[in-house]
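Data block for entry.txt (compact mmCIF, N, CA and C atoms):
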```txt
# COMPACT_ATOMS: atom_id res chain seq x y z
N MET A 25 166.21 138.23 143.51
CA MET A 25 166.90 139.06 142.55
C MET A 25 167.26 140.38 143.22
N LYS A 26 168.43 140.90 142.86
CA LYS A 26 168.87 142.18 143.39
C LYS A 26 169.44 143.00 142.24
N ILE A 27 169.00 144.24 142.12
CA ILE A 27 169.51 145.14 141.08
C ILE A 27 170.24 146.27 141.79
N VAL A 28 171.47 146.51 141.36
CA VAL A 28 172.30 147.55 141.97
C VAL A 28 172.75 148.51 140.86
N SER A 29 172.54 149.79 141.06
CA SER A 29 172.98 150.79 140.09
C SER A 29 174.37 151.29 140.48
N ILE A 30 175.27 151.34 139.51
CA ILE A 30 176.62 151.86 139.82
C ILE A 30 176.56 153.33 140.21
N HIS A 31 175.48 154.01 139.84
CA HIS A 31 175.34 155.42 140.18
C HIS A 31 174.93 155.64 141.63
N GLU A 32 174.38 154.60 142.26
CA GLU A 32 173.92 154.72 143.65
C GLU A 32 174.95 154.26 144.67
N ALA A 33 175.94 153.50 144.24
CA ALA A 33 176.95 153.00 145.18
C ALA A 33 177.84 154.16 145.63
N ALA A 34 178.21 154.15 146.90
CA ALA A 34 179.07 155.20 147.45
C ALA A 34 180.48 155.08 146.88
N ARG A 35 181.03 156.22 146.46
CA ARG A 35 182.40 156.26 145.93
C ARG A 35 183.33 156.69 147.05
N ARG A 36 184.28 155.82 147.38
CA ARG A 36 185.19 156.09 148.50
C ARG A 36 186.64 156.00 148.03
N PRO A 37 187.54 156.80 148.62
CA PRO A 37 188.96 156.63 148.30
C PRO A 37 189.39 155.19 148.60
N TYR A 38 190.18 154.63 147.73
CA TYR A 38 190.64 153.25 147.89
C TYR A 38 192.14 153.28 148.12
N ILE A 39 192.52 153.22 149.37
CA ILE A 39 193.94 153.28 149.75
C ILE A 39 194.36 151.87 150.10
N HIS A 40 195.22 151.31 149.27
CA HIS A 40 195.66 149.93 149.44
C HIS A 40 197.07 149.83 148.87
N PRO A 41 197.97 149.08 149.50
CA PRO A 41 199.35 149.03 149.02
C PRO A 41 199.51 148.43 147.63
N VAL A 42 198.49 147.77 147.10
CA VAL A 42 198.61 147.19 145.76
C VAL A 42 198.53 148.28 144.68
N PHE A 43 197.98 149.47 145.01
CA PHE A 43 197.83 150.53 144.01
C PHE A 43 198.97 151.53 144.05
N THR A 44 199.33 152.02 142.86
CA THR A 44 200.33 153.08 142.72
C THR A 44 199.71 154.19 141.89
N GLY A 45 200.18 155.40 142.07
CA GLY A 45 199.68 156.50 141.26
C GLY A 45 198.56 157.25 141.94
N PRO A 46 198.07 158.29 141.24
CA PRO A 46 197.11 159.21 141.84
C PRO A 46 195.68 158.72 141.81
N TYR A 47 194.93 159.09 142.81
CA TYR A 47 193.48 159.08 142.84
C TYR A 47 192.84 157.77 142.38
N VAL A 48 192.67 156.89 143.32
CA VAL A 48 191.95 155.65 143.05
C VAL A 48 190.76 155.60 144.00
N THR A 49 189.57 155.37 143.46
CA THR A 49 188.38 155.22 144.29
C THR A 49 187.70 153.90 143.96
N ARG A 50 186.84 153.48 144.88
CA ARG A 50 186.14 152.21 144.68
C ARG A 50 184.69 152.38 145.08
N LYS A 51 183.81 151.76 144.31
CA LYS A 51 182.39 151.68 144.65
C LYS A 51 182.09 150.21 144.86
N GLU A 52 181.66 149.87 146.07
CA GLU A 52 181.36 148.48 146.38
C GLU A 52 179.89 148.20 146.07
N HIS A 53 179.65 147.16 145.30
CA HIS A 53 178.29 146.78 144.92
C HIS A 53 177.89 145.53 145.67
N ALA A 54 176.74 145.56 146.29
CA ALA A 54 176.17 144.40 146.99
C ALA A 54 177.16 143.77 147.97
N PRO A 55 177.65 144.54 148.95
CA PRO A 55 178.64 143.99 149.89
C PRO A 55 178.13 142.81 150.71
N ASP A 56 176.83 142.65 150.80
CA ASP A 56 176.27 141.54 151.57
C ASP A 56 176.07 140.27 150.75
N ASN A 57 176.40 140.34 149.47
CA ASN A 57 176.22 139.17 148.61
C ASN A 57 177.17 138.06 149.05
N LYS A 58 176.68 136.85 149.19
CA LYS A 58 177.48 135.76 149.73
C LYS A 58 178.33 135.04 148.70
N GLU A 59 177.96 135.05 147.43
CA GLU A 59 178.65 134.24 146.43
C GLU A 59 179.62 135.02 145.55
N VAL A 60 179.22 136.22 145.13
CA VAL A 60 180.00 136.98 144.15
C VAL A 60 180.15 138.41 144.65
N LYS A 61 181.35 138.98 144.44
CA LYS A 61 181.54 140.39 144.78
C LYS A 61 181.83 141.16 143.50
N GLY A 62 181.40 142.40 143.49
CA GLY A 62 181.66 143.28 142.37
C GLY A 62 181.97 144.66 142.88
N ASN A 63 183.02 145.24 142.36
CA ASN A 63 183.41 146.59 142.76
C ASN A 63 183.77 147.37 141.51
N MET A 64 183.44 148.66 141.52
CA MET A 64 183.88 149.53 140.44
C MET A 64 185.09 150.30 140.94
N VAL A 65 186.18 150.21 140.20
CA VAL A 65 187.41 150.90 140.56
C VAL A 65 187.63 152.01 139.55
N ASN A 66 187.86 153.22 140.05
CA ASN A 66 188.12 154.39 139.21
C ASN A 66 189.57 154.81 139.44
N SER A 67 190.34 154.87 138.38
CA SER A 67 191.77 155.19 138.49
C SER A 67 192.07 156.47 137.74
N GLY A 68 192.79 157.39 138.39
CA GLY A 68 193.24 158.61 137.72
C GLY A 68 194.31 158.30 136.69
N ASN A 69 194.62 159.28 135.86
CA ASN A 69 195.62 159.10 134.80
C ASN A 69 196.89 158.46 135.36
N GLY A 70 197.28 157.34 134.78
CA GLY A 70 198.52 156.67 135.16
C GLY A 70 198.46 155.82 136.42
N ALA A 71 197.36 155.86 137.16
CA ALA A 71 197.25 155.03 138.37
C ALA A 71 197.07 153.58 137.97
N ARG A 72 197.68 152.68 138.70
CA ARG A 72 197.59 151.25 138.39
C ARG A 72 197.83 150.44 139.64
N ASN A 73 197.65 149.14 139.52
CA ASN A 73 198.02 148.30 140.65
C ASN A 73 199.26 147.50 140.31
N LYS A 74 199.86 146.91 141.32
CA LYS A 74 201.08 146.12 141.15
C LYS A 74 200.71 144.72 140.67
N PHE A 75 201.70 144.00 140.17
CA PHE A 75 201.46 142.60 139.81
C PHE A 75 200.88 141.87 141.01
N HIS A 76 199.84 141.11 140.76
CA HIS A 76 199.19 140.30 141.79
C HIS A 76 198.45 139.16 141.11
N ALA A 77 198.01 138.20 141.87
CA ALA A 77 197.25 137.07 141.33
C ALA A 77 196.12 136.74 142.30
N HIS A 78 195.14 136.02 141.80
CA HIS A 78 194.00 135.60 142.61
C HIS A 78 193.90 134.09 142.59
N ASP A 79 193.25 133.54 143.60
CA ASP A 79 193.09 132.08 143.65
C ASP A 79 191.87 131.60 142.87
N SER A 80 191.16 132.52 142.23
CA SER A 80 190.02 132.16 141.39
C SER A 80 189.99 133.09 140.17
N GLU A 81 189.16 132.73 139.19
CA GLU A 81 189.07 133.56 137.99
C GLU A 81 188.49 134.93 138.35
N GLN A 82 188.94 135.95 137.63
CA GLN A 82 188.43 137.30 137.82
C GLN A 82 187.96 137.83 136.48
N MET A 83 186.84 138.54 136.50
CA MET A 83 186.32 139.17 135.29
C MET A 83 186.37 140.68 135.49
N LEU A 84 186.88 141.39 134.49
CA LEU A 84 186.92 142.85 134.49
C LEU A 84 186.03 143.35 133.36
N ILE A 85 185.22 144.36 133.64
CA ILE A 85 184.35 144.97 132.63
C ILE A 85 184.71 146.45 132.57
N VAL A 86 185.21 146.91 131.43
CA VAL A 86 185.61 148.31 131.30
C VAL A 86 184.37 149.17 131.12
N VAL A 87 184.24 150.18 131.99
CA VAL A 87 183.07 151.06 131.99
C VAL A 87 183.36 152.35 131.22
N THR A 88 184.47 153.01 131.52
CA THR A 88 184.84 154.25 130.83
C THR A 88 186.35 154.35 130.72
N GLY A 89 186.78 155.24 129.84
CA GLY A 89 188.20 155.54 129.72
C GLY A 89 188.99 154.51 128.94
N GLU A 90 190.30 154.56 129.18
CA GLU A 90 191.22 153.64 128.52
C GLU A 90 192.20 153.13 129.56
N GLY A 91 192.40 151.82 129.54
CA GLY A 91 193.30 151.22 130.51
C GLY A 91 194.24 150.23 129.87
N ILE A 92 195.08 149.67 130.71
CA ILE A 92 196.03 148.64 130.30
C ILE A 92 195.83 147.46 131.24
N VAL A 93 195.75 146.28 130.67
CA VAL A 93 195.71 145.04 131.44
C VAL A 93 196.89 144.22 130.95
N ALA A 94 197.73 143.76 131.89
CA ALA A 94 198.96 143.07 131.49
C ALA A 94 199.23 141.86 132.37
N THR A 95 199.85 140.86 131.75
CA THR A 95 200.41 139.72 132.47
C THR A 95 201.92 139.83 132.31
N GLU A 96 202.65 138.83 132.77
CA GLU A 96 204.10 138.86 132.60
C GLU A 96 204.50 138.73 131.14
N ASN A 97 203.59 138.23 130.28
CA ASN A 97 203.92 137.96 128.89
C ASN A 97 203.20 138.82 127.87
N GLU A 98 202.17 139.54 128.27
CA GLU A 98 201.42 140.33 127.30
C GLU A 98 200.82 141.56 127.96
N GLU A 99 200.52 142.56 127.11
CA GLU A 99 199.94 143.82 127.58
C GLU A 99 198.91 144.27 126.54
N HIS A 100 197.72 144.68 127.01
CA HIS A 100 196.65 145.07 126.10
C HIS A 100 196.03 146.39 126.53
N ILE A 101 195.73 147.24 125.54
CA ILE A 101 194.94 148.44 125.77
C ILE A 101 193.47 148.01 125.77
N VAL A 102 192.71 148.46 126.76
CA VAL A 102 191.29 148.11 126.86
C VAL A 102 190.47 149.39 126.96
N THR A 103 189.26 149.34 126.40
CA THR A 103 188.38 150.50 126.39
C THR A 103 186.95 150.08 126.73
N GLN A 104 186.07 151.06 126.83
CA GLN A 104 184.68 150.84 127.23
C GLN A 104 184.06 149.66 126.48
N GLY A 105 183.44 148.77 127.25
CA GLY A 105 182.76 147.62 126.67
C GLY A 105 183.60 146.36 126.62
N ASP A 106 184.91 146.47 126.80
CA ASP A 106 185.77 145.28 126.80
C ASP A 106 185.55 144.48 128.08
N VAL A 107 185.58 143.17 127.96
CA VAL A 107 185.45 142.27 129.10
C VAL A 107 186.69 141.38 129.10
N ILE A 108 187.37 141.32 130.23
CA ILE A 108 188.63 140.59 130.35
C ILE A 108 188.45 139.49 131.38
N PHE A 109 188.89 138.28 131.04
CA PHE A 109 188.85 137.15 131.96
C PHE A 109 190.28 136.79 132.33
N ILE A 110 190.59 136.79 133.61
CA ILE A 110 191.94 136.48 134.08
C ILE A 110 191.87 135.16 134.85
N PRO A 111 192.59 134.14 134.37
CA PRO A 111 192.54 132.83 135.03
C PRO A 111 193.15 132.88 136.43
N PRO A 112 192.76 131.94 137.28
CA PRO A 112 193.35 131.89 138.63
C PRO A 112 194.85 131.66 138.56
N GLY A 113 195.56 132.32 139.48
CA GLY A 113 197.00 132.12 139.60
C GLY A 113 197.86 132.88 138.61
N VAL A 114 197.26 133.63 137.67
CA VAL A 114 198.04 134.35 136.66
C VAL A 114 198.39 135.74 137.19
N PRO A 115 199.68 136.04 137.39
CA PRO A 115 200.07 137.38 137.83
C PRO A 115 199.69 138.41 136.76
N HIS A 116 199.10 139.51 137.20
CA HIS A 116 198.66 140.54 136.27
C HIS A 116 198.60 141.88 136.98
N TRP A 117 198.49 142.94 136.19
CA TRP A 117 198.21 144.26 136.73
C TRP A 117 197.26 144.96 135.76
N ARG A 118 196.61 146.02 136.26
CA ARG A 118 195.72 146.82 135.42
C ARG A 118 195.77 148.25 135.91
N GLY A 119 195.49 149.17 135.00
CA GLY A 119 195.49 150.56 135.40
C GLY A 119 195.13 151.48 134.26
N ALA A 120 195.10 152.77 134.55
CA ALA A 120 194.73 153.79 133.58
C ALA A 120 195.91 154.12 132.67
N SER A 121 195.59 154.45 131.43
CA SER A 121 196.61 154.99 130.53
C SER A 121 197.06 156.33 131.10
N THR A 122 198.20 156.81 130.66
CA THR A 122 198.76 158.03 131.24
C THR A 122 197.96 159.28 130.90
N HIS A 123 197.14 159.24 129.85
CA HIS A 123 196.45 160.44 129.38
C HIS A 123 194.95 160.47 129.67
N VAL A 124 194.42 159.44 130.36
CA VAL A 124 192.98 159.40 130.58
C VAL A 124 192.66 158.54 131.81
N GLU A 125 191.55 158.86 132.47
CA GLU A 125 191.11 158.04 133.60
C GLU A 125 190.55 156.71 133.09
N PHE A 126 190.38 155.77 134.01
CA PHE A 126 189.95 154.42 133.65
C PHE A 126 189.05 153.90 134.76
N SER A 127 187.87 153.43 134.38
CA SER A 127 186.95 152.82 135.34
C SER A 127 186.56 151.44 134.86
N HIS A 128 186.57 150.50 135.79
CA HIS A 128 186.17 149.13 135.45
C HIS A 128 185.49 148.50 136.65
N ILE A 129 184.70 147.49 136.36
CA ILE A 129 184.06 146.69 137.40
C ILE A 129 184.79 145.36 137.44
N PHE A 130 185.18 144.92 138.63
CA PHE A 130 185.73 143.57 138.72
C PHE A 130 184.75 142.68 139.45
N VAL A 131 184.64 141.46 138.97
CA VAL A 131 183.72 140.48 139.52
C VAL A 131 184.51 139.22 139.84
N SER A 132 184.35 138.73 141.06
CA SER A 132 185.03 137.50 141.47
C SER A 132 184.26 136.87 142.62
N PRO A 133 184.55 135.61 142.93
CA PRO A 133 183.87 134.98 144.07
C PRO A 133 184.13 135.76 145.36
N SER A 134 183.15 135.81 146.23
CA SER A 134 183.28 136.57 147.48
C SER A 134 184.45 136.12 148.34
N ASP A 135 184.78 134.84 148.28
CA ASP A 135 185.87 134.34 149.12
C ASP A 135 187.22 134.30 148.40
N SER A 136 187.31 134.95 147.24
CA SER A 136 188.55 134.97 146.47
C SER A 136 189.64 135.72 147.22
N LEU A 137 190.82 135.16 147.22
CA LEU A 137 191.98 135.79 147.85
C LEU A 137 192.98 136.19 146.79
N GLY A 138 193.71 137.26 147.05
CA GLY A 138 194.74 137.71 146.12
C GLY A 138 196.05 137.86 146.84
N ASP A 139 197.13 137.82 146.07
CA ASP A 139 198.44 138.10 146.64
C ASP A 139 199.14 139.09 145.73
N GLU A 140 199.86 140.00 146.34
CA GLU A 140 200.56 141.02 145.56
C GLU A 140 202.05 140.81 145.67
N ARG A 141 202.76 141.38 144.72
CA ARG A 141 204.22 141.35 144.78
C ARG A 141 204.73 142.63 144.16
N GLU A 142 205.91 142.99 144.52
CA GLU A 142 206.49 144.21 143.97
C GLU A 142 206.80 144.02 142.49
N ASP A 143 206.62 145.08 141.71
CA ASP A 143 206.94 145.04 140.28
C ASP A 143 208.44 144.95 140.07
```
Whole structure, structure tokens version:
Amino acid sequence: MKIVSIHEAARRPYIHPVFTGPYVTRKEHAPDNKEVKGNMVNSGNGARNKFHAHDSEQMLIVVTGEGIVATENEEHIVTQGDVIFIPPGVPHWRGASTHVEFSHIFVSPSDSLGDERED
């Protein structure tokens, strides 16, 4: 068994071409875990990622703030305590609302791959 506190994980700037907007950081949890990865992503007001998909299911757990999770066909406002399941292969994006920061934990298999595309 391994217990990881989100308060103890190092918060680092997350610079990746999939993200747009200001100030995105990531806290990596249990990077040595072989089966499942979990990261906490903190997005500044209006920061989001581009449409992308994964080859496996992804789970998002909203920790603080208000965000938007969208597919090509639907868009939802999400807040603290919401849990979102995104099926494999479904293009989606997520990010902070324009007026508030947004933090969430994403959980997926360690070997999961994603692909991004321009909006």
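For Gln82 of chain A, the non-local neighbours within 7 Å, defined as residues at least 2 positions apart in the same chain or in other chains and counting only C-alpha atoms, are Ser80, Leu84, Phe109, Ile110, Pro111, Phe130, Val131 and Ser132 of chain A.
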Smallest atom-to-atom distance to Asn57 of chain A: which of A:Ala71, A:Ile85, A:Val93, A:Ile27, using only C-alpha atoms?
A:Ile27
Find the residues near Ile92 of chain A: any atom within 8 Å, counting all atoms listed in the file, skip ones fewer than 4 places away on the same chain, and give them as a ChimeraX atom specification.
/A:99-103,117-122,126
Restricting the calculation to only N, CA and C atoms: of A:Val42, A:Val28, A:Val124, A:Ile108, which residue gets closest to Met83 of chain A?
A:Ile108
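For the atom pair formed by atom N of Ile129 of chain A and atom N of Ile30 of chain A, the distance is 10.7 Å, given to one decimal.
Counting from atom N of Val60 of chain A, the distance to atom CA of Val107 of chain A is 18.2 Å.
The shortest atom-to-atom distance to His78 of chain A, with all atoms listed in the file taken into account, belongs to A:His116 out of A:His116, A:Arg36, A:His123, A:Lys26.
Using only C-alpha atoms for every distance, the candidate list A:Glu125, A:Pro41, A:Val87, A:Ser29 yields A:Pro41 as the residue closest to Phe75 of chain A.
Atom pair atom CA of Glu90 of chain A / atom C of Gly68 of chain A has a distance of 9.9 Å (rounded to one decimal).
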From the set A:Thr88, A:Asn69, A:Thr44, A:Asn63, which residue has the shortest atom-to-atom contact distance to Gly105 of chain A, counting only N, CA and C atoms?
A:Thr88
